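Just below is one structure, and these are the notes that go with it.
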Amino acid sequence: MLYDLFQYLAKLNVSGAGLFNYVSFRSALAFIISLLVATIIGKKIIRMLQKRQIGEIIRDLDLEGQMSKKGTPTMGGVIIIISILIPCLLVGKLDNVYMILLLVSTVWLGCIGFLDDYIKVFKKDKEGLHGRFKIVGQVGLGLIVGLTLYFSDSVVMRENTKTIVKSEQVVQYSPASEKSTKTTIPFVKNNNLDYADLFKFAGKHAQTCGWVFFVLVTIFIVTAVSNGANLTDGLDGLATGTSAIIGTTLGVLAYLSSHVEYASYLNIMYIPHSEEMVIFICAFVGATIGFLWYNSYPAQVFMGDTGSLTLGGVIAVFAIIIHKELLIPILCGIFLVENLSVMIQVYYFKYTKKKYGEGRRIFRMAPLHHHFQKLGMPEAKIVSRFWIVGVLLAMLTIVTLKMR
């Protein structure tokens, strides 16, 4: 909205209106607006939730300080969603396919999470929305994203290729933008992997098979990362802070991919018109930090599935769009470990129960952050250390651009 207004003012030679042509200015503005919106409306929404007695239902898991959280307002993910949408609608280009996809992903997963929280709080059903319906919603979003990236003519990239000119290595790009099923492999030289190459046996249908596989990968990643963020949301500020760290890293990767000179220097794929994603991710980071104002220990509000499913899904979609989905196991290592700890715990318990007649556990409790709680570690210390690990993983992710 404001972007179009200032474009019009720039044509009238209004002083300062041209600032909106700069991604850096609009990104900073999106961050500031989202941060302010989160902190200002956050207090009002918390009061509204308290007034309506929309509190977290706590199950007694014999964890230190757990029962003191009973009644803390939940469904605070609404604060995050609103804080993302407002700055994007104000300063973003709303005809950009990447911006549209990310906004749709935010609203889509927000609705799924909200429905889950609504059932838990108002219907007094601890299980919330049945798992199969969550999966259907996540798969649906994966299909929307994958098929849009496949069919939209606006979704293109320019592949990076190396040539030798007078003994110097120079990165060049294909002369025209093209659709591609390529992605980036970390730690590998000349690190572009074309999914279609996995289906060379299909002959002339290899490219089509590559796109089908890409859509399936998209569905899997959206589902896995959103569930990982959901499992991580078990301690005050843990999922929020981790998501802010991941979002900042994705913003760096998106900015580099959208700038032809930086992309050329780093020998990565150049993605035209993806600079709008930087606007979105700045709003995302601003919203998470603003929410952390109220969600840090001791939390005044919980995000609920409304927030956690949204954060994880948006991160997944963003990484897929910039062709960095194979970096997710590194960048989202916290989410991955939390997911794996639950899967390992459940599998080992069932296996030992079948073999020995009594189920045994590897961790004292899953997800992993509860294991450390059982060991007697204070909640604030667990969260801080997880954040530190998240920062290290973020730095490793960025280093992969050159370390190959």
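By order of appearance in the structure tokens: chains A, B, ..., then residues from 1 within every chain, and ligands from 1 in the order shown.
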Wanna dump the segment 80-170 of chain A-segment 315-339 of chain A contacts at 8 Å for me, each residue with its shortest atom pair and the distance in Å to one decimal, counting only C-alpha atoms, ordered by chain and number, as a tab-separated table?
residue	atom	partner	partner_atom	distance
A:Tyr98	CA	A:Ile321	CA	7.6
A:Leu102	CA	A:Val317	CA	7.1
A:Ser105	CA	A:Val317	CA	7.6
A:Val145	CA	A:Val317	CA	7.3
A:Leu149	CA	A:Ile321	CA	7.8
Q: Pick out the residues sitting within 7 Å of segment 231-245 of chain A, and hand them over as a PyMOL selection string; count only C-alpha atoms, and ignore anything fewer than 2 positions along from it in its own chain.
A: chain A and resi 227-229+247-249+285+288-289+292+295-299+308+311+335+338-339+367+379+383+387+390-391
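Per DSSP on the backbone, strand (DSSP E) in segment 126-359 of chain A comprises Asn160, Thr161, Lys162, Thr163, Ile164, Val165, Glu168, Gln169, Val170, Val171, Gln172, Tyr173, Lys182, Thr183, Thr184, Asn192, Leu193 and Asp194 of chain A.
If you measure from each of A:Ala263, A:Leu147, A:Thr39, A:Tyr22 to Gly286 of chain A using only C-alpha atoms, the closest one turns out to be A:Thr39.
For the residues A:Ser226, A:Thr181, A:Asn21, A:Ser264, ranking by smallest atom-to-atom distance to Gly146 of chain A using only C-alpha atoms places A:Thr181 first.
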Q.
Can you pull out every residue from segment 135-272 of chain A that DSSP, working from the backbone, puts in helix (DSSP H, G or I), and format the result as a ChimeraX atom specification?
A. /A:135-151,195-232,238-258,260-266
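Here atom CA of Gly313 of chain A stands at a distance of 9.9 Å from atom CA of Asn230 of chain A.
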Q | 10 Å contact set for Leu36 of chain A, only C-alpha atoms, chain neighbours under 6 positions out, as a PyMOL selection string | A | chain A and resi 30+42+83+286-287+290
Got time to write the residues from that selection, C-alpha atoms, as a PDB file, in the first residue's frame?
ATOM      1  CA  ALA A  30       9.231  -3.598   8.009  1.00  0.00           C
ATOM      2  CA  GLY A  42       0.742  -7.628  22.402  1.00  0.00           C
ATOM      3  CA  SER A  83       2.813  -8.276  13.313  1.00  0.00           C
ATOM      4  CA  GLY A 286      10.673  -8.167  14.122  1.00  0.00           C
ATOM      5  CA  ALA A 287       7.475 -10.017  15.046  1.00  0.00           C
ATOM      6  CA  GLY A 290       8.523  -8.289  19.675  1.00  0.00           C
TER       7      GLY A 290
END
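All residues of protein, DNA or RNA that reach within 10 Å of Glu178 of chain A, judged by only C-alpha atoms and not counting those fewer than 5 positions away in the chain, are Asp153, Ser154, Val155, Val156, Met157, Arg158, Glu159 and Ile271 of chain A.
The coordinates place atom CA of Gln138 of chain A at 5.5 Å from atom CA of Thr223 of chain A.
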Q.
Can you tell me which residues surround Val139 of chain A at a distance of at most 9 Å, considering only C-alpha atoms, apart from same-chain residues fewer than 2 positions away, and format the answer as a list of chain:residue names?
A. A:Lys134, A:Ile135, A:Val136, A:Gly137, A:Leu141, A:Gly142, A:Leu143, A:Ile144, A:Thr218, A:Ile219, A:Phe220, A:Val222, A:Thr223
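Shortest atom-to-atom contact with Ile45 of chain A among A:Ile362, A:Thr74, A:His371, A:Thr397: A:Thr74, counting only C-alpha atoms.
With only C-alpha atoms as the atoms that count, the minimum distance from Val399 of chain A to the choices A:Val252, A:Ile32, A:Val121, A:Val78 is reached by A:Val252.
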